[in-house]
Amino acid sequence: MFTLPDFPWDRLRPYRERAAAHPGGLVDLSVGTPVDPTPEPVRAALAEAADAPGYPQTYGTPRLREAVAGWLRRRLGVTGADPDAVLPVIGTKELVAWLPTLLGAGPGDRIVFPELAYPTYDVGARLARAEPVPADGLLSLGPVNPKIVWVNSPSNPTGRVLPTEHLRKVVAWARGRGAIVVSDECYLEFGWDDDPDRRPISILHPDVCEGSHEGLLAVNSLSKRSNMAGYRAGIVTGDPVLVKRLLEVRKHAGMIVPAPVQAAMAAAFDDDAHVDAQRERYARRRAALREAFERHGFRIDHSEASLYLWATRDEPCWDTVGYLADLGILVGPGDFYGRGGARHVRIAFTATDERVAAAVSRL
(Lines give C-alpha, C1' and ligand atoms only; values in the text may rest on other atoms or scores of the structure.)
Protein backbone atom coordinates (compact mmCIF):
# COMPACT_ATOMS: atom_id res chain seq x y z
CA MET A 1 0.00 0.00 0.00
CA PHE A 2 1.44 3.36 -0.99
CA THR A 3 1.29 6.43 1.26
CA LEU A 4 0.90 10.06 0.32
CA PRO A 5 2.33 13.00 2.28
CA ASP A 6 -0.01 15.34 4.12
CA PHE A 7 -1.29 18.11 1.85
CA PRO A 8 1.27 20.81 2.68
CA TRP A 9 -0.97 23.86 2.26
CA ASP A 10 -3.15 22.74 5.17
CA ARG A 11 -0.27 23.67 7.48
CA LEU A 12 -0.48 27.27 6.31
CA ARG A 13 -4.07 27.80 7.51
CA PRO A 14 -3.27 29.37 10.93
CA TYR A 15 -0.85 31.80 9.29
CA ARG A 16 -3.53 32.76 6.79
CA GLU A 17 -5.88 33.55 9.66
CA ARG A 18 -3.15 35.56 11.38
CA ALA A 19 -2.45 37.56 8.23
CA ALA A 20 -6.15 38.12 7.53
CA ALA A 21 -6.48 39.80 10.95
CA HIS A 22 -4.30 42.71 9.75
CA PRO A 23 -6.28 45.99 9.68
CA GLY A 24 -5.53 46.37 5.97
CA GLY A 25 -6.62 42.84 5.16
CA LEU A 26 -4.77 39.86 3.75
CA VAL A 27 -2.19 40.14 0.99
CA ASP A 28 -1.95 36.58 -0.32
CA LEU A 29 1.37 35.96 -2.07
CA SER A 30 1.45 32.27 -1.16
CA VAL A 31 -0.07 30.67 -4.26
CA GLY A 32 0.51 31.49 -7.92
CA THR A 33 -3.17 31.82 -8.74
CA PRO A 34 -3.91 34.22 -11.62
CA VAL A 35 -6.15 37.15 -10.66
CA ASP A 36 -6.40 39.10 -13.92
CA PRO A 37 -9.28 38.59 -16.39
CA THR A 38 -9.28 35.69 -18.82
CA PRO A 39 -8.64 37.25 -22.28
CA GLU A 40 -11.74 38.22 -24.23
CA PRO A 41 -10.91 36.09 -27.34
CA VAL A 42 -10.70 33.03 -25.08
CA ARG A 43 -14.04 33.72 -23.41
CA ALA A 44 -15.66 34.40 -26.78
CA ALA A 45 -14.40 31.08 -28.16
CA LEU A 46 -15.69 29.26 -25.07
CA ALA A 47 -19.14 30.83 -25.41
CA GLU A 48 -19.33 30.12 -29.14
CA ALA A 49 -18.58 26.43 -28.50
CA ALA A 50 -20.97 26.15 -25.54
CA ASP A 51 -23.52 24.10 -27.50
CA ALA A 52 -21.67 20.78 -27.23
CA PRO A 53 -24.12 17.85 -27.01
CA GLY A 54 -21.69 15.21 -28.28
CA TYR A 55 -18.60 13.69 -26.73
CA PRO A 56 -15.36 15.62 -27.32
CA GLN A 57 -12.22 14.13 -28.84
CA THR A 58 -9.63 12.80 -26.40
CA TYR A 59 -6.96 13.55 -29.00
CA GLY A 60 -8.13 17.15 -29.28
CA THR A 61 -9.56 18.80 -32.36
CA PRO A 62 -7.26 19.26 -35.37
CA ARG A 63 -7.74 23.02 -34.91
CA LEU A 64 -6.44 22.87 -31.33
CA ARG A 65 -3.46 20.66 -32.16
CA GLU A 66 -2.44 22.90 -35.06
CA ALA A 67 -2.76 25.99 -32.82
CA VAL A 68 -0.43 24.39 -30.27
CA ALA A 69 2.09 23.38 -32.93
CA GLY A 70 2.01 26.90 -34.35
CA TRP A 71 2.65 28.36 -30.88
CA LEU A 72 5.55 25.97 -30.32
CA ARG A 73 7.17 27.04 -33.59
CA ARG A 74 6.42 30.74 -33.24
CA ARG A 75 7.11 31.40 -29.56
CA LEU A 76 9.41 28.60 -28.46
CA GLY A 77 11.49 27.94 -31.58
CA VAL A 78 10.45 24.27 -31.73
CA THR A 79 10.95 23.97 -35.47
CA GLY A 80 9.89 20.31 -35.58
CA ALA A 81 6.58 20.83 -33.78
CA ASP A 82 4.05 18.33 -35.13
CA PRO A 83 0.30 18.70 -34.48
CA ASP A 84 0.02 14.91 -34.47
CA ALA A 85 2.27 14.88 -31.39
CA VAL A 86 0.05 17.19 -29.31
CA LEU A 87 -2.37 15.95 -26.66
CA PRO A 88 -4.63 18.20 -24.54
CA VAL A 89 -4.89 17.38 -20.82
CA ILE A 90 -7.20 18.32 -17.96
CA GLY A 91 -4.79 20.78 -16.37
CA THR A 92 -1.16 19.86 -15.99
CA LYS A 93 -1.31 18.99 -12.29
CA GLU A 94 -3.49 16.04 -13.26
CA LEU A 95 -0.92 15.01 -15.85
CA VAL A 96 2.05 15.41 -13.50
CA ALA A 97 0.34 13.26 -10.89
CA TRP A 98 -0.69 10.45 -13.24
CA LEU A 99 2.03 10.51 -15.90
CA PRO A 100 4.24 7.81 -14.32
CA THR A 101 1.20 5.52 -14.10
CA LEU A 102 0.12 6.33 -17.67
CA LEU A 103 3.64 5.54 -18.92
CA GLY A 104 3.63 2.17 -17.19
CA ALA A 105 5.88 2.93 -14.20
CA GLY A 106 5.44 0.68 -11.19
CA PRO A 107 7.23 -1.09 -8.35
CA GLY A 108 10.99 -1.22 -8.92
CA ASP A 109 10.99 1.81 -11.24
CA ARG A 110 12.66 5.05 -10.22
CA ILE A 111 11.21 8.50 -10.92
CA VAL A 112 13.83 11.27 -10.69
CA PHE A 113 12.91 14.90 -10.04
CA PRO A 114 14.69 18.00 -8.67
CA GLU A 115 15.52 18.16 -4.96
CA LEU A 116 13.64 21.47 -4.69
CA ALA A 117 10.46 20.81 -6.63
CA TYR A 118 6.73 21.00 -7.07
CA PRO A 119 5.45 18.33 -4.63
CA THR A 120 3.30 16.58 -7.25
CA TYR A 121 6.34 14.97 -8.91
CA ASP A 122 6.83 12.97 -5.73
CA VAL A 123 3.10 12.25 -5.47
CA GLY A 124 3.04 10.94 -9.05
CA ALA A 125 5.80 8.46 -8.30
CA ARG A 126 3.97 7.25 -5.18
CA LEU A 127 0.66 6.87 -7.03
CA ALA A 128 2.46 4.57 -9.49
CA ARG A 129 4.04 2.70 -6.55
CA ALA A 130 7.42 3.59 -8.03
CA GLU A 131 10.39 4.94 -6.10
CA PRO A 132 10.63 8.76 -5.90
CA VAL A 133 14.24 9.93 -6.24
CA PRO A 134 14.95 13.64 -5.59
CA ALA A 135 18.31 14.48 -7.19
CA ASP A 136 19.86 17.56 -8.76
CA GLY A 137 22.94 15.85 -10.18
CA LEU A 138 22.37 12.88 -12.45
CA LEU A 139 25.92 11.67 -11.89
CA SER A 140 25.16 11.32 -8.19
CA LEU A 141 22.61 8.63 -9.04
CA GLY A 142 25.34 6.17 -9.93
CA PRO A 143 24.57 3.15 -12.14
CA VAL A 144 20.83 3.74 -12.13
CA ASN A 145 18.45 3.46 -15.08
CA PRO A 146 15.41 5.53 -14.10
CA LYS A 147 12.07 5.17 -15.83
CA ILE A 148 11.41 8.93 -15.92
CA VAL A 149 13.55 12.03 -15.34
CA TRP A 150 11.61 15.22 -14.60
CA VAL A 151 13.16 18.60 -15.31
CA ASN A 152 11.49 21.89 -14.43
CA SER A 153 12.86 25.04 -16.00
CA PRO A 154 11.94 27.74 -15.11
CA SER A 155 11.72 26.17 -11.68
CA ASN A 156 8.87 26.22 -9.24
CA PRO A 157 9.70 27.37 -6.55
CA THR A 158 13.08 28.99 -7.21
CA GLY A 159 12.61 30.59 -10.63
CA ARG A 160 15.94 29.10 -11.70
CA VAL A 161 16.54 28.55 -15.42
CA LEU A 162 18.58 25.57 -16.58
CA PRO A 163 21.06 26.54 -19.33
CA THR A 164 20.82 24.98 -22.76
CA GLU A 165 24.01 22.98 -22.25
CA HIS A 166 22.70 21.52 -18.98
CA LEU A 167 19.46 20.40 -20.62
CA ARG A 168 21.40 18.92 -23.54
CA LYS A 169 23.45 16.81 -21.10
CA VAL A 170 20.29 15.61 -19.32
CA VAL A 171 18.81 14.51 -22.65
CA ALA A 172 21.99 12.67 -23.67
CA TRP A 173 22.32 11.00 -20.24
CA ALA A 174 18.70 9.82 -20.27
CA ARG A 175 18.82 8.56 -23.85
CA GLY A 176 21.91 6.55 -22.99
CA ARG A 177 19.89 4.77 -20.29
CA GLY A 178 16.55 4.40 -22.02
CA ALA A 179 14.87 6.90 -19.67
CA ILE A 180 12.08 9.28 -20.62
CA VAL A 181 12.73 12.98 -19.96
CA VAL A 182 9.64 15.00 -19.08
CA SER A 183 10.09 18.77 -18.97
CA ASP A 184 7.58 20.84 -16.99
CA GLU A 185 7.64 24.15 -18.87
CA CYS A 186 4.61 25.98 -17.48
CA TYR A 187 6.56 29.22 -16.89
CA LEU A 188 8.53 29.20 -20.13
CA GLU A 189 7.14 32.52 -21.38
CA PHE A 190 7.97 34.34 -18.15
CA GLY A 191 11.73 34.88 -18.22
CA TRP A 192 12.98 38.17 -16.75
CA ASP A 193 16.76 38.09 -17.25
CA ASP A 194 18.44 39.48 -20.39
CA ASP A 195 21.44 37.17 -19.99
CA PRO A 196 21.25 34.63 -22.87
CA ASP A 197 22.30 31.85 -20.48
CA ARG A 198 19.28 32.61 -18.29
CA ARG A 199 16.62 32.69 -20.96
CA PRO A 200 14.19 29.80 -20.68
CA ILE A 201 14.33 27.24 -23.48
CA SER A 202 12.14 24.25 -24.26
CA ILE A 203 13.60 20.77 -24.11
CA LEU A 204 12.13 20.33 -27.60
CA HIS A 205 14.21 23.17 -29.03
CA PRO A 206 16.72 21.86 -31.59
CA ASP A 207 19.62 23.37 -29.61
CA VAL A 208 18.70 21.01 -26.75
CA CYS A 209 17.44 17.85 -28.45
CA GLU A 210 19.47 18.00 -31.68
CA GLY A 211 16.31 17.95 -33.76
CA SER A 212 14.91 14.68 -32.38
CA HIS A 213 12.06 14.46 -29.87
CA GLU A 214 12.65 10.77 -29.21
CA GLY A 215 12.21 9.97 -25.51
CA LEU A 216 11.13 13.52 -24.68
CA LEU A 217 7.87 15.04 -23.47
CA ALA A 218 7.16 18.71 -22.72
CA VAL A 219 4.27 19.76 -20.48
CA ASN A 220 2.72 23.19 -20.71
CA SER A 221 -0.30 24.98 -19.30
CA LEU A 222 -2.60 27.87 -20.10
CA SER A 223 -3.23 28.58 -16.41
CA LYS A 224 -0.45 31.14 -16.04
CA ARG A 225 0.18 32.45 -19.57
CA SER A 226 -3.51 33.02 -20.37
CA ASN A 227 -5.20 33.36 -16.94
CA MET A 228 -7.10 30.12 -17.54
CA ALA A 229 -6.47 28.20 -14.30
CA GLY A 230 -10.21 27.72 -13.90
CA TYR A 231 -10.47 26.08 -17.33
CA ARG A 232 -8.07 23.21 -16.41
CA ALA A 233 -6.34 23.42 -19.78
CA GLY A 234 -2.90 22.07 -20.57
CA ILE A 235 -1.00 20.07 -23.16
CA VAL A 236 1.70 17.44 -23.45
CA THR A 237 3.78 17.10 -26.62
CA GLY A 238 7.05 15.67 -27.89
CA ASP A 239 7.85 12.11 -28.92
CA PRO A 240 4.95 10.95 -31.17
CA VAL A 241 5.30 7.37 -29.94
CA LEU A 242 4.94 8.40 -26.29
CA VAL A 243 2.08 10.78 -27.08
CA LYS A 244 0.18 8.00 -28.88
CA ARG A 245 0.76 5.71 -25.90
CA LEU A 246 -0.71 8.35 -23.58
CA LEU A 247 -3.61 8.88 -25.96
CA GLU A 248 -4.57 5.21 -25.95
CA VAL A 249 -4.58 4.98 -22.15
CA ARG A 250 -6.49 8.25 -21.78
CA LYS A 251 -9.12 7.09 -24.30
CA HIS A 252 -9.75 3.97 -22.21
CA ALA A 253 -9.83 6.00 -18.98
CA GLY A 254 -12.14 8.74 -20.29
CA MET A 255 -9.63 11.52 -19.56
CA ILE A 256 -11.01 14.12 -21.99
CA VAL A 257 -10.81 17.92 -22.11
CA PRO A 258 -14.35 19.32 -22.62
CA ALA A 259 -15.10 20.54 -26.17
CA PRO A 260 -15.76 24.20 -25.22
CA VAL A 261 -12.47 24.28 -23.33
CA GLN A 262 -10.66 22.87 -26.38
CA ALA A 263 -12.07 25.73 -28.46
CA ALA A 264 -10.93 28.25 -25.86
CA MET A 265 -7.48 26.67 -25.79
CA ALA A 266 -7.10 27.02 -29.55
CA ALA A 267 -7.96 30.72 -29.31
CA ALA A 268 -5.43 31.21 -26.50
CA PHE A 269 -2.59 29.49 -28.33
CA ASP A 270 -3.32 31.49 -31.49
CA ASP A 271 -3.09 34.87 -29.72
CA ASP A 272 0.22 36.32 -28.49
CA ALA A 273 -0.97 39.84 -27.65
CA HIS A 274 -2.67 38.89 -24.38
CA VAL A 275 0.46 37.05 -23.19
CA ASP A 276 2.64 40.08 -23.87
CA ALA A 277 0.20 42.30 -21.97
CA GLN A 278 0.17 39.90 -19.03
CA ARG A 279 3.97 39.78 -19.00
CA GLU A 280 4.01 43.57 -18.61
CA ARG A 281 1.64 43.37 -15.62
CA TYR A 282 3.75 40.72 -13.95
CA ALA A 283 6.99 42.58 -14.68
CA ARG A 284 5.66 45.67 -12.87
CA ARG A 285 4.48 43.65 -9.86
CA ARG A 286 7.73 41.70 -9.73
CA ALA A 287 9.85 44.85 -9.78
CA ALA A 288 7.79 46.52 -7.03
CA LEU A 289 7.86 43.49 -4.73
CA ARG A 290 11.52 42.70 -5.31
CA GLU A 291 12.58 46.22 -4.45
CA ALA A 292 10.38 46.27 -1.34
CA PHE A 293 11.56 42.91 0.00
CA GLU A 294 15.22 43.68 -0.67
CA ARG A 295 14.88 47.06 1.02
CA HIS A 296 13.32 45.25 3.98
CA GLY A 297 16.41 43.05 4.36
CA PHE A 298 15.54 40.00 2.29
CA ARG A 299 17.94 38.37 -0.18
CA ILE A 300 16.44 37.19 -3.47
CA ASP A 301 18.08 34.06 -4.92
CA HIS A 302 17.63 32.77 -8.49
CA SER A 303 14.20 34.15 -9.53
CA GLU A 304 15.33 34.93 -13.08
CA ALA A 305 12.05 33.50 -14.42
CA SER A 306 8.60 32.17 -13.36
CA LEU A 307 6.04 34.06 -11.28
CA TYR A 308 7.85 33.88 -7.93
CA LEU A 309 10.63 35.41 -5.87
CA TRP A 310 12.75 32.94 -3.90
CA ALA A 311 13.58 34.96 -0.80
CA THR A 312 15.37 34.51 2.52
CA ARG A 313 16.24 36.32 5.74
CA ASP A 314 18.69 33.51 6.62
CA GLU A 315 16.34 32.06 9.23
CA PRO A 316 13.98 29.06 9.36
CA CYS A 317 11.28 29.56 6.73
CA TRP A 318 8.40 29.24 9.18
CA ASP A 319 9.85 32.09 11.24
CA THR A 320 9.74 34.21 8.08
CA VAL A 321 6.18 33.09 7.34
CA GLY A 322 5.10 34.12 10.83
CA TYR A 323 6.94 37.44 10.66
CA LEU A 324 5.26 38.37 7.38
CA ALA A 325 1.86 37.12 8.57
CA ASP A 326 2.03 39.75 11.32
CA LEU A 327 2.31 42.31 8.50
CA GLY A 328 -0.75 40.78 6.83
CA ILE A 329 1.34 39.15 4.08
CA LEU A 330 1.06 35.41 3.41
CA VAL A 331 3.91 33.61 1.61
CA GLY A 332 4.78 29.99 0.91
CA PRO A 333 7.31 28.24 3.18
CA GLY A 334 10.26 26.88 1.22
CA ASP A 335 10.25 23.48 2.92
CA PHE A 336 7.03 22.64 1.09
CA TYR A 337 9.32 22.00 -1.89
CA GLY A 338 12.08 20.02 -0.19
CA ARG A 339 14.56 20.20 2.66
CA GLY A 340 16.79 22.54 0.67
CA GLY A 341 14.09 25.22 0.95
CA ALA A 342 14.05 25.28 4.75
CA ARG A 343 15.44 28.82 4.96
CA HIS A 344 13.57 30.38 2.04
CA VAL A 345 10.05 31.48 1.26
CA ARG A 346 8.30 31.63 -2.10
CA ILE A 347 6.66 34.94 -2.92
CA ALA A 348 4.14 34.96 -5.77
CA PHE A 349 3.60 38.18 -7.70
CA THR A 350 0.21 37.12 -9.06
CA ALA A 351 -1.78 39.39 -6.71
CA THR A 352 -3.67 42.43 -7.98
CA ASP A 353 -1.92 45.78 -8.36
CA GLU A 354 -3.81 47.03 -5.30
CA ARG A 355 -2.71 44.12 -3.09
CA VAL A 356 0.88 44.37 -4.35
CA ALA A 357 0.86 48.07 -3.47
CA ALA A 358 -0.47 47.16 -0.01
CA ALA A 359 2.40 44.71 0.53
CA VAL A 360 4.95 47.28 -0.62
CA SER A 361 3.61 49.88 1.80
CA ARG A 362 3.72 47.44 4.73
CA LEU A 363 7.33 46.56 3.98
# chains A, B, ... in the order shown; residues from 1 in each chain; ligands from 1
>>> residues_around(residues="range 65-74 of chain A", least_positions_apart="3", cutoff="10 Å", atoms="only C-alpha atoms", output="PyMOL selection string")
chain A and resi 59-62+77-88+202+204-205+235-237+262+265-272
>>> residues_around(residues="Tyr231 in chain A", least_positions_apart="5", cutoff="8 Å", atoms="only C-alpha atoms", output="list in words")
Gly91, Ser223 and Val261 of chain A
>>> residues_around(residues="Glu315 in chain A", least_positions_apart="5", cutoff="8 Å", atoms="only C-alpha atoms", output="ChimeraX atom specification")
/A:320,343-344
>>> atom_distance(atom1="CA of Arg126 in chain A", atom2="CA of Val181 in chain A")
18.1 Å
>>> residues_around(residues="Val161 in chain A", least_positions_apart="4", cutoff="8 Å", atoms="only C-alpha atoms", output="count of residues only")
8
>>> residues_around(residues="Leu289 in chain A", least_positions_apart="3", cutoff="8 Å", atoms="only C-alpha atoms", output="ChimeraX atom specification")
/A:285-286,292-293,349,356,359-360
>>> atom_distance(atom1="CA of Val31 in chain A", atom2="CA of Leu307 in chain A")
9.9 Å
>>> residues_around(residues="Pro34 in chain A", least_positions_apart="5", cutoff="8 Å", atoms="only C-alpha atoms", output="JSON, numbers by chain")
{"A": [223, 224, 227, 228, 229, 350, 351]}
>>> atom_distance(atom1="CA of Ala273 in chain A", atom2="CA of His213 in chain A")
28.6 Å
>>> closest_residue(among="A:Ser30, A:Thr58, A:Thr158, A:Thr3", to="Val243 in chain A", atoms="only C-alpha atoms")
A:Thr58
>>> residues_around(residues="Pro39 in chain A", least_positions_apart="4", cutoff="8 Å", atoms="only C-alpha atoms", output="short mmCIF file (atom, residue, chain, number, x, y, z; two decimals) with N, CA, C and O atoms, in the first residue's frame")
data_model
loop_
_atom_site.label_atom_id
_atom_site.label_comp_id
_atom_site.auth_asym_id
_atom_site.auth_seq_id
_atom_site.Cartn_x
_atom_site.Cartn_y
_atom_site.Cartn_z
N ARG A 43 -12.66 33.83 -23.90
CA ARG A 43 -14.04 33.72 -23.41
C ARG A 43 -15.04 33.66 -24.56
O ARG A 43 -16.03 32.92 -24.49
N SER A 226 -2.26 32.50 -19.82
CA SER A 226 -3.51 33.02 -20.37
C SER A 226 -4.60 33.22 -19.31
O SER A 226 -5.77 33.40 -19.66
N ASN A 227 -4.23 33.16 -18.03
CA ASN A 227 -5.20 33.36 -16.94
C ASN A 227 -6.39 32.40 -17.07
O ASN A 227 -7.55 32.79 -16.95
N HIS A 274 -2.25 38.90 -25.79
CA HIS A 274 -2.67 38.89 -24.38
C HIS A 274 -1.54 38.40 -23.47
O HIS A 274 -1.44 38.83 -22.33
#
>>> select_by_dssp(residues="range 271-325 of chain A", states="strand (DSSP E)", output="list in words")
Arg299, Ile300, Asp301, Tyr308, Leu309, Trp310, Ala311 and Thr312 of chain A
